[in-house]
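Following: one structure in structure tokens, then a few remarks.
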Amino acid sequence: MDTHIQVKNLNVYYGKQQALKNVNIEIPKKQITVIMGPSGCGKTTLLKSFNRFLELTDGTQITGEVLVDGQNIYDREVDVTEVRKTVGLLAQRPSPLPMSIYDNVVYGMHIHKMKKDRREYKAAVRHYLEIAGLWDEVGKRLHDPATGLSIGQQQRLCLARGLAVEPEIILGDEPTSALDPISSQNIEARLLDLKQQYTTVIVTHTLRQAKRLADHVIYMYMGEVIEAGPAKEVFTNPKHERTRQYLEGLF
Amino acid sequence: MGMKKNYWQRRHLMELFMKTLMRISLAGAAASLGLILWTVVARGLPALTWDMVTQVPKGGFYMGKEGGVLNAIIGSLYLALGGTLLAMLFSLPIALYLKTYLGSSKWGQYVRLSLDVLWGIPSIVYGAFGFTIMIAIGMRASLLAGIIVLALVELPIMVRAMDEVIRRMPADLEQAALALGSTRFEVSMQVVTRQMLPGIMTAILLAFGRGIGDAASVLFTAGYTDRIVTSLMRPTASLPLAVFFQLGSPFPEVQQRGYASALILTIIVLAVSFGSRWLSSRLNKYTIK
Amino acid sequence: MSQSEPTITLENTEGRTTRPSVAPRIRQDQRAQRVFFVITLLPVFLIVVVTIALFVRAWPILQAFPLTDLLFGTIWKPSEKMFGFGPFILGTLWVTVVGVGVAVPPCLLAAIYLAEYAHASTRSFTKPILDLLAAIPPVVYGVWGLLAIVPFVEDMLAPLAKRWLGGVPFLAVNQPTGFSILSGGIVLAVMIAPLVISVVYEIFLTVPNDLRHASLAVGSTQWQTIRNVVLPQVMPGIVAAVVLGASRAFGETIAVLIVVGNVPQVPTSIFDSAYPLPALIANNYGDMMSIPLYDSALMGAALVLLVVILIFNILSTLVLQRMLRRKWA
């Protein structure tokens, strides 16, 4: 297994409350890893430790290491904006920026000055909207405000915006929980398409979604990783009692 | 992978630059308070004698001879106390009505708008208005006139401050009381007032502090006198005006007493401010959060 | 408590059962509601009354001279029946513009820092400082201006400007003292700072964090996020906060009066003295009764002040109420 993200002895505290307890895991390259577990178990905390979003909350303390391609992203010399460019995030609720559809996709590329001229930007916008499966719906009204889109379209727009800065890793924090079933399916299909090129980590609380998407599974409970491994093994033959109970829907 | 931070990248330089500017600005705002207090203390303290706070002006006071500003201190306390009580009489009902009956309805918005606008009217305009009315009804500059005009100045400050705290009252508390069969009037009088007592006290002290320091509104309405005021219908001195008049004097001794008077005024205002902070932190213990 | 005996009486026509003590309580509620309502109308009423009263008193002067002569006339000689408000209006404008100009950049930066960067501890440290700044009486600001700012302008800024900025418009040093528009502006800037900072801060808090996170998630720096995402959202509110600050500065009397020099001239430089409208009213009220039309002219000055401030205030407050609506709910 080719490891992309390696977590070593990670502990996270919100004030005095410990949210992650000595987490050690590895996340494989160019596969979909699903983090699952009951609510409040620290799934989202673990996910957000990968793009250093935890430090946006006052009073968070983090010890341990998160290595992306062997580089500890919590290292002093590391540029947090480069981390977030490399590790994209698809949020729980779609959060289009209050600007046009075009400007949303172009936003990150502008920030990082990734293209030379307008034409290149235009081409890139089209490219990423196509990847996100949104071009057919919005290609003719790129300069309309993004907030006018349906919520499912908004989430795909956010996907396009995230992909446009050429990340290597995509994080999804229950990315379909705010969407209707059809939009959810749409997003899931996109994620499956994209797994050839990106390492993907998804947090979900629905077991069925985990089963549809996962190549690799991490099961968490009360801030600890109980079990982690290839999806087939974990789903068919869980090693731990707790995991088995969760898979059987006992809690 | 190139994740090492390049501090010389334009956007990182910009971040550092803006953040530094912001810190300097905030420090500057904080430092200006220090500068003001330091100036007033450094220049006022040397002239601050026991006589200043225990004597009224004697003959030749305004040429640098004996006396103090007790008349102005007492006058200011009377003015501000009276103004605050009068403003309270109207503020509390308005704030309660806003909360219990109007809420955030359209009418509530209008009333709040008009309060904010009233707050913005400069005190010199209130003073001029007060003077106009006094002429119309044949009233002379007096403690009472000063109190009424100060009440106008304080009213919007008090109501808006009360409104801010009353609004923060948990809705369930009010609804619980309503559900128990209280009328809305009873809710305002008993639940809201009691629960919000610390906030209301803070609002009152805030307005008091504003009132005692205001000069422009009492300039034409309260007048000035060297004696301690004994009647509502007589003119009275006030501390801000004492400062103001002494500053305008050509005699250095008198000017320095002006600085000392400013120091006295500052001490009173700071005491009120700290007092309200202390009071609200104490009273907070007895309310549900 | 004999009334709370469970004797049930039928009292109202719908046939609902009520305890005997309820009806008076409801009447009390209704009466209170009426009284409260009337008292609540007071603020609205007060604005109208103040405006009308000043208007009535200013009427004689408004009738005696055309409005344009009053507003734009530059000669003020009450004893010769010349009432040009021009120099005073311009003086007020100059002081206000300089005050707002000095205040706004640092206040914006400080507010942004408090809202976007500062830790909770910094915020709780800053709040009482701003409260105290707001609590200091105008006349004390005046004393500070007289003792610290006027000498600072006279001994530091004016010589510097004289040496280095000779030909620059609005910066010429034409008089030897520090009693100047600049001194007034600096004092005003500190006076309005707490208001501007706290209003701008509150407006920044209305921007949902989701937007900031969306921007940060693609790797923008915090400043880029503020510039590109947050600022466009809060711009109307910032403008309103500045207008609000300006209207405060416009009407400030005593503090400005002490440091601005009070020379009735049309200013040409921030180092000139000026004579703002509020100072005109405050300085001349005692001795105006003997000259015809003088008191009417001063009331006219107060009216001008009031009208300008009402317009500024209503506009900015409307914008702020809309932006802070989530707070009102």
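In the structure tokens, chains take letters A, B, ... by order of appearance, with residues numbered from 1 within each chain and ligands from 1 in the order shown.
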
Considering only helix (DSSP H, G or I) as DSSP defines it on the backbone, what residues of segment 32-209 of chain C qualify? List them as a ChimeraX atom specification. /C:32-64,67-72,78-80,86-117,120-135,138-164,181-205,209

Atoms kept (C-alpha atoms) for selection, written as a compact mmCIF listing (two decimals), in the first residue's frame:
# COMPACT_ATOMS: atom_id res chain seq x y z
CA ALA C 32 -49.91 49.44 31.32
CA GLN C 33 -49.78 48.69 27.65
CA ARG C 34 -51.40 52.03 26.81
CA VAL C 35 -49.14 53.99 29.13
CA PHE C 36 -46.06 52.21 27.86
CA PHE C 37 -47.15 52.84 24.30
CA VAL C 38 -47.46 56.57 24.84
CA ILE C 39 -44.08 56.74 26.56
CA THR C 40 -42.54 54.76 23.75
CA LEU C 41 -43.74 57.28 21.21
CA LEU C 42 -41.79 59.91 23.11
CA PRO C 43 -38.47 59.49 21.28
CA VAL C 44 -40.10 59.75 17.88
CA PHE C 45 -42.05 62.74 19.09
CA LEU C 46 -38.96 64.37 20.57
CA ILE C 47 -37.08 64.45 17.29
CA VAL C 48 -39.97 66.24 15.65
CA VAL C 49 -40.39 68.70 18.51
CA VAL C 50 -36.70 69.60 18.63
CA THR C 51 -36.66 70.23 14.90
CA ILE C 52 -39.82 72.32 14.95
CA ALA C 53 -38.73 74.37 17.95
CA LEU C 54 -35.40 75.26 16.38
CA PHE C 55 -37.12 75.99 13.09
CA VAL C 56 -39.59 78.36 14.71
CA ARG C 57 -36.84 80.23 16.48
CA ALA C 58 -34.72 80.38 13.33
CA TRP C 59 -37.67 81.58 11.26
CA PRO C 60 -36.95 85.35 11.60
CA ILE C 61 -33.48 85.02 10.14
CA LEU C 62 -34.67 82.67 7.43
CA GLN C 63 -37.22 85.26 6.45
CA ALA C 64 -34.84 88.18 6.58
CA LEU C 67 -31.07 80.78 2.44
CA THR C 68 -28.17 80.84 0.00
CA ASP C 69 -26.88 84.09 1.47
CA LEU C 70 -26.97 82.59 4.92
CA LEU C 71 -25.33 79.30 4.02
CA PHE C 72 -22.72 80.62 1.62
CA PRO C 78 -24.07 90.50 13.65
CA SER C 79 -23.87 94.14 14.73
CA GLU C 80 -24.03 95.15 11.06
CA GLY C 86 -20.03 80.11 5.33
CA PRO C 87 -16.86 80.19 7.43
CA PHE C 88 -18.50 78.25 10.25
CA ILE C 89 -19.99 75.59 8.02
CA LEU C 90 -16.68 75.21 6.24
CA GLY C 91 -14.86 75.14 9.56
CA THR C 92 -17.10 72.31 10.76
CA LEU C 93 -16.62 70.42 7.52
CA TRP C 94 -12.85 70.77 7.64
CA VAL C 95 -12.59 69.60 11.23
CA THR C 96 -14.98 66.71 10.58
CA VAL C 97 -13.20 65.56 7.44
CA VAL C 98 -9.78 65.73 9.09
CA GLY C 99 -11.09 63.95 12.19
CA VAL C 100 -12.72 61.19 10.18
CA GLY C 101 -9.69 60.96 7.91
CA VAL C 102 -7.37 60.51 10.86
CA ALA C 103 -9.72 58.09 12.63
CA VAL C 104 -10.93 55.78 9.90
CA PRO C 105 -7.81 53.91 8.73
CA PRO C 106 -6.56 52.89 12.17
CA CYS C 107 -10.08 52.22 13.45
CA LEU C 108 -10.85 49.94 10.53
CA LEU C 109 -7.59 48.07 10.99
CA ALA C 110 -8.12 47.75 14.73
CA ALA C 111 -11.68 46.51 14.25
CA ILE C 112 -10.61 43.99 11.62
CA TYR C 113 -7.89 42.76 13.93
CA LEU C 114 -10.35 42.33 16.78
CA ALA C 115 -12.88 40.53 14.60
CA GLU C 116 -10.60 38.36 12.47
CA TYR C 117 -7.30 37.78 14.23
CA ALA C 120 -10.53 36.00 23.01
CA SER C 121 -8.09 37.26 25.63
CA THR C 122 -7.07 40.25 23.48
CA ARG C 123 -10.71 41.06 22.87
CA SER C 124 -11.64 40.98 26.52
CA PHE C 125 -8.60 43.14 27.25
CA THR C 126 -9.54 45.70 24.59
CA LYS C 127 -13.22 46.08 25.36
CA PRO C 128 -12.85 47.91 28.69
CA ILE C 129 -10.25 50.21 27.14
CA LEU C 130 -12.67 51.22 24.40
CA ASP C 131 -15.44 51.62 26.97
CA LEU C 132 -13.25 53.94 29.01
CA LEU C 133 -12.26 55.95 25.93
CA ALA C 134 -15.96 56.39 25.21
CA ALA C 135 -16.66 57.37 28.81
CA PRO C 138 -15.56 65.87 25.99
CA VAL C 139 -14.13 68.59 28.15
CA VAL C 140 -11.38 66.25 29.33
CA TYR C 141 -10.60 65.48 25.71
CA GLY C 142 -10.38 69.22 25.31
CA VAL C 143 -7.89 69.51 28.15
CA TRP C 144 -5.83 66.72 26.64
CA GLY C 145 -5.95 68.41 23.26
CA LEU C 146 -4.88 71.71 24.76
CA LEU C 147 -2.00 70.22 26.76
CA ALA C 148 -0.78 67.53 24.40
CA ILE C 149 -2.09 67.87 20.87
CA VAL C 150 -1.88 71.63 20.34
CA PRO C 151 1.80 71.75 21.39
CA PHE C 152 2.48 68.60 19.37
CA VAL C 153 1.03 70.22 16.25
CA GLU C 154 2.75 73.50 16.98
CA ASP C 155 6.20 72.16 17.76
CA MET C 156 6.37 68.98 15.70
CA LEU C 157 3.91 68.68 12.84
CA ALA C 158 3.75 72.30 11.72
CA PRO C 159 7.54 72.77 11.49
CA LEU C 160 7.84 69.45 9.68
CA ALA C 161 5.11 70.46 7.24
CA LYS C 162 6.72 73.85 6.79
CA ARG C 163 10.05 72.33 5.95
CA TRP C 164 9.03 69.41 3.77
CA ILE C 181 -8.08 72.21 12.35
CA LEU C 182 -5.51 69.45 12.62
CA SER C 183 -5.52 69.60 16.42
CA GLY C 184 -9.32 69.51 16.42
CA GLY C 185 -9.27 66.62 13.96
CA ILE C 186 -6.84 64.57 16.03
CA VAL C 187 -8.87 65.06 19.20
CA LEU C 188 -12.07 64.19 17.34
CA ALA C 189 -10.45 61.11 15.86
CA VAL C 190 -9.72 59.70 19.29
CA MET C 191 -13.20 60.64 20.49
CA ILE C 192 -15.03 58.81 17.71
CA ALA C 193 -12.64 55.85 17.65
CA PRO C 194 -14.48 53.68 20.19
CA LEU C 195 -17.77 54.11 18.32
CA VAL C 196 -16.30 53.38 14.89
CA ILE C 197 -14.26 50.42 16.12
CA SER C 198 -17.14 48.75 17.92
CA VAL C 199 -19.65 49.25 15.11
CA VAL C 200 -17.26 47.95 12.45
CA TYR C 201 -16.35 45.04 14.72
CA GLU C 202 -20.00 44.06 15.09
CA ILE C 203 -20.52 44.23 11.36
CA PHE C 204 -17.62 41.87 10.75
CA LEU C 205 -19.21 39.40 13.14
CA ASN C 209 -17.66 31.72 9.19

List the neighbours of segment 128-131 of chain B out to 8 Å using only C-alpha atoms; skip same-chain residues closer than 4 positions along the sequence, and give me the result as a VMD selection string. (chain B and resid 124 135 145 149 217 220 to 221) or (chain C and resid 50 53 to 54 299 302)

Write the residues of the preceding selection, restricted to N, CA and C atoms, as an mmCIF file, in the first residue's frame.
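Writing done, so here's result.cif:
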data_model
loop_
_atom_site.group_PDB
_atom_site.id
_atom_site.type_symbol
_atom_site.label_atom_id
_atom_site.label_comp_id
_atom_site.auth_asym_id
_atom_site.auth_seq_id
_atom_site.Cartn_x
_atom_site.Cartn_y
_atom_site.Cartn_z
ATOM 1 N N ILE B 124 -25.079 70.083 22.197
ATOM 2 C CA ILE B 124 -25.251 71.523 22.021
ATOM 3 C C ILE B 124 -26.631 71.822 21.427
ATOM 4 N N ILE B 135 -37.060 80.019 27.149
ATOM 5 C CA ILE B 135 -37.484 81.376 26.793
ATOM 6 C C ILE B 135 -38.992 81.417 26.591
ATOM 7 N N ALA B 145 -33.837 73.108 34.956
ATOM 8 C CA ALA B 145 -33.703 73.135 33.499
ATOM 9 C C ALA B 145 -32.543 72.257 33.055
ATOM 10 N N VAL B 149 -32.764 68.917 30.544
ATOM 11 C CA VAL B 149 -32.003 68.771 29.301
ATOM 12 C C VAL B 149 -31.045 67.586 29.389
ATOM 13 N N SER B 217 -24.671 70.798 26.908
ATOM 14 C CA SER B 217 -26.117 70.860 27.133
ATOM 15 C C SER B 217 -26.468 71.728 28.346
ATOM 16 N N PHE B 220 -26.188 76.617 28.600
ATOM 17 C CA PHE B 220 -27.179 77.694 28.663
ATOM 18 C C PHE B 220 -28.321 77.378 29.590
ATOM 19 N N THR B 221 -28.426 76.122 30.022
ATOM 20 C CA THR B 221 -29.640 75.752 30.739
ATOM 21 C C THR B 221 -29.464 75.745 32.251
ATOM 22 N N VAL C 50 -37.965 68.868 18.645
ATOM 23 C CA VAL C 50 -36.698 69.599 18.631
ATOM 24 C C VAL C 50 -36.539 70.329 17.300
ATOM 25 N N ALA C 53 -39.060 73.269 17.056
ATOM 26 C CA ALA C 53 -38.729 74.371 17.953
ATOM 27 C C ALA C 53 -37.582 75.199 17.393
ATOM 28 N N LEU C 54 -36.535 74.511 16.925
ATOM 29 C CA LEU C 54 -35.400 75.255 16.376
ATOM 30 C C LEU C 54 -35.822 76.004 15.123
ATOM 31 N N MET C 299 -29.823 80.109 16.443
ATOM 32 C CA MET C 299 -30.746 78.975 16.356
ATOM 33 C C MET C 299 -30.714 78.384 14.955
ATOM 34 N N ALA C 302 -27.881 76.122 14.882
ATOM 35 C CA ALA C 302 -28.230 74.851 15.521
ATOM 36 C C ALA C 302 -29.103 74.006 14.600
#

Could you name the residues that touch Ala95 of chain B at 7 Å or less, counting only C-alpha atoms, but leaving out those on the same chain fewer than 4 positions away, as a PyMOL selection string? chain B and resi 91+99+159+162-163

Selected residues written out with N, CA and C atoms, as an mmCIF file, in the first residue's frame:
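Done, and the output landed in selection-v4.cif:
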data_model
loop_
_atom_site.group_PDB
_atom_site.id
_atom_site.type_symbol
_atom_site.label_atom_id
_atom_site.label_comp_id
_atom_site.auth_asym_id
_atom_site.auth_seq_id
_atom_site.Cartn_x
_atom_site.Cartn_y
_atom_site.Cartn_z
ATOM 1 N N SER B 91 -37.054 55.676 30.552
ATOM 2 C CA SER B 91 -36.268 54.642 29.856
ATOM 3 C C SER B 91 -36.775 53.251 30.141
ATOM 4 N N LYS B 99 -39.233 45.402 24.508
ATOM 5 C CA LYS B 99 -38.982 43.975 24.632
ATOM 6 C C LYS B 99 -40.281 43.169 24.643
ATOM 7 N N VAL B 159 -31.875 53.946 27.188
ATOM 8 C CA VAL B 159 -32.813 52.987 26.609
ATOM 9 C C VAL B 159 -32.083 51.977 25.730
ATOM 10 N N MET B 162 -30.205 49.526 27.814
ATOM 11 C CA MET B 162 -31.140 48.577 28.449
ATOM 12 C C MET B 162 -31.670 47.597 27.424
ATOM 13 N N ASP B 163 -32.021 48.142 26.263
ATOM 14 C CA ASP B 163 -32.582 47.320 25.199
ATOM 15 C C ASP B 163 -31.610 46.194 24.834
#

Hey, could you make a per-residue contact list for chain B against chain C with 7 Å as the cut-off, showing the nearest pair of atoms and its distance in Å to one decimal, counting only C-alpha atoms, sorted by chain and number, as a tab-separated table?
residue	atom	partner	partner_atom	distance
B:Glu15	CA	C:Trp223	CA	5.5
B:Met22	CA	C:Leu109	CA	4.7
B:Arg23	CA	C:Ala110	CA	6.9
B:Ser25	CA	C:Pro106	CA	4.8
B:Leu26	CA	C:Ala110	CA	4.6
B:Ala30	CA	C:Ile129	CA	6.3
B:Leu33	CA	C:Leu133	CA	6.0
B:Ile36	CA	C:Trp144	CA	5.8
B:Thr39	CA	C:Trp144	CA	6.3
B:Val40	CA	C:Trp144	CA	6.6
B:Phe90	CA	C:Ile39	CA	6.7
B:Pro93	CA	C:Phe36	CA	5.7
B:Ile94	CA	C:Thr40	CA	4.9
B:Tyr97	CA	C:Phe36	CA	6.0
B:Ser104	CA	C:Ala329	CA	6.0
B:Val111	CA	C:Val44	CA	6.7
B:Leu113	CA	C:Thr317	CA	6.6
B:Ser114	CA	C:Val44	CA	5.5
B:Leu115	CA	C:Pro43	CA	6.1
B:Val117	CA	C:Asn313	CA	5.7
B:Leu118	CA	C:Ile47	CA	6.7
B:Gly120	CA	C:Arg248	CA	6.4
B:Ile121	CA	C:Ile309	CA	6.7
B:Pro122	CA	C:Gly251	CA	5.0
B:Ile124	CA	C:Pro278	CA	6.7
B:Val125	CA	C:Ala302	CA	5.8
B:Phe129	CA	C:Val50	CA	6.1
B:Thr183	CA	C:Asp29	CA	6.4
B:Arg184	CA	C:Asp29	CA	6.8
B:Phe185	CA	C:Asp29	CA	5.2
B:Gly209	CA	C:Ala135	CA	6.8
B:Arg210	CA	C:Ala135	CA	6.6
B:Gly213	CA	C:Pro137	CA	4.6
B:Asp214	CA	C:Pro137	CA	6.5
B:Ala216	CA	C:Ile254	CA	6.5
B:Pro240	CA	C:Val139	CA	6.1
B:Phe244	CA	C:Val139	CA	6.8
B:Tyr259	CA	C:Val143	CA	7.0
B:Ala262	CA	C:Val140	CA	5.8
B:Thr266	CA	C:Ile136	CA	6.7
B:Val269	CA	C:Ile136	CA	6.9

To one decimal place in Å, what is the distance between atom CA of Leu48 of chain B and atom CA of Asn71 of chain B?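 Separation between atom CA of Leu48 of chain B and atom CA of Asn71 of chain B: 15.6 Å.
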
Chain A contacts on chain C, only C-alpha atoms, 8 Å, as a ChimeraX atom specification: /C:119-120,210-211,214-221,224,229

May I have the residues of chain B within 12 Å of chain A, counting only C-alpha atoms, written as number ranges by chain? B: 1-12, 15

Restricting it to C-alpha atoms, dump the selection as a CSV table (one decimal), in the first residue's frame.
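That gives us again_0.csv:
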chain,number,residue,atom,x,y,z
B,1,MET,CA,6.4,18.6,-2.0
B,2,GLY,CA,7.0,22.3,-1.7
B,3,MET,CA,5.2,23.0,1.5
B,4,LYS,CA,8.0,25.1,3.1
B,5,LYS,CA,6.9,28.6,3.8
B,6,ASN,CA,8.5,31.2,1.6
B,7,TYR,CA,8.1,34.4,3.7
B,8,TRP,CA,9.1,36.5,0.7
B,9,GLN,CA,6.2,35.5,-1.3
B,10,ARG,CA,4.1,38.6,-1.9
B,11,ARG,CA,1.0,37.4,-0.2
B,12,HIS,CA,2.8,36.3,2.9
B,15,GLU,CA,-0.3,39.3,5.4

What does the structure give for the distance between atom CA of Ala72 of chain B and atom CA of Trp278 of chain B, in Å to one decimal? 27.0 Å

Just list as a list in words whatever in segment 157-220 of chain A DSSP marks as strand (DSSP E). Ile169, Ile170, Leu171, Gly172, Asp173, Thr199, Thr200, Val201, Ile202, Val203, His216, Val217, Ile218, Tyr219 and Met220 of chain A

What lies within 12 Å of Glu120 of chain A using only C-alpha atoms, ignoring chain neighbours under 5 positions off, as a tab-separated table (two decimals) with N, CA and C atoms, in the first residue's frame?
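Output below, filename out-v2.tsv:
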chain	number	residue	atom	x	y	z
A	106	VAL	N	-12.75	30.43	-10.23
A	106	VAL	CA	-11.47	31.07	-10.50
A	106	VAL	C	-10.80	31.53	-9.20
A	109	MET	N	-7.57	29.86	-7.99
A	109	MET	CA	-6.53	29.98	-9.00
A	109	MET	C	-5.93	31.39	-9.00
A	110	HIS	N	-6.82	32.38	-8.79
A	110	HIS	CA	-6.34	33.76	-8.68
A	110	HIS	C	-5.44	33.93	-7.46
A	113	LYS	N	-2.28	32.59	-8.25
A	113	LYS	CA	-1.76	33.06	-9.54
A	113	LYS	C	-1.33	31.88	-10.43
A	114	MET	N	-2.28	30.97	-10.66
A	114	MET	CA	-1.90	29.72	-11.29
A	114	MET	C	-1.89	29.77	-12.81
A	115	LYS	N	-2.56	30.75	-13.38
A	115	LYS	CA	-2.63	30.81	-14.84
A	115	LYS	C	-2.08	32.14	-15.32
A	125	VAL	N	-11.78	27.14	-15.99
A	125	VAL	CA	-13.12	27.15	-15.38
A	125	VAL	C	-13.99	26.10	-16.05
A	126	ARG	N	-13.94	26.10	-17.38
A	126	ARG	CA	-14.76	25.13	-18.09
A	126	ARG	C	-14.35	23.71	-17.73
A	127	HIS	N	-13.02	23.49	-17.72
A	127	HIS	CA	-12.49	22.15	-17.43
A	127	HIS	C	-13.00	21.64	-16.08

Please, what distance in Å, to one decimal, runs between atom CA of Glu26 of chain A and atom CA of Val234 of chain A?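 Result for atom CA of Glu26 of chain A versus atom CA of Val234 of chain A: 15.2 Å, one decimal.
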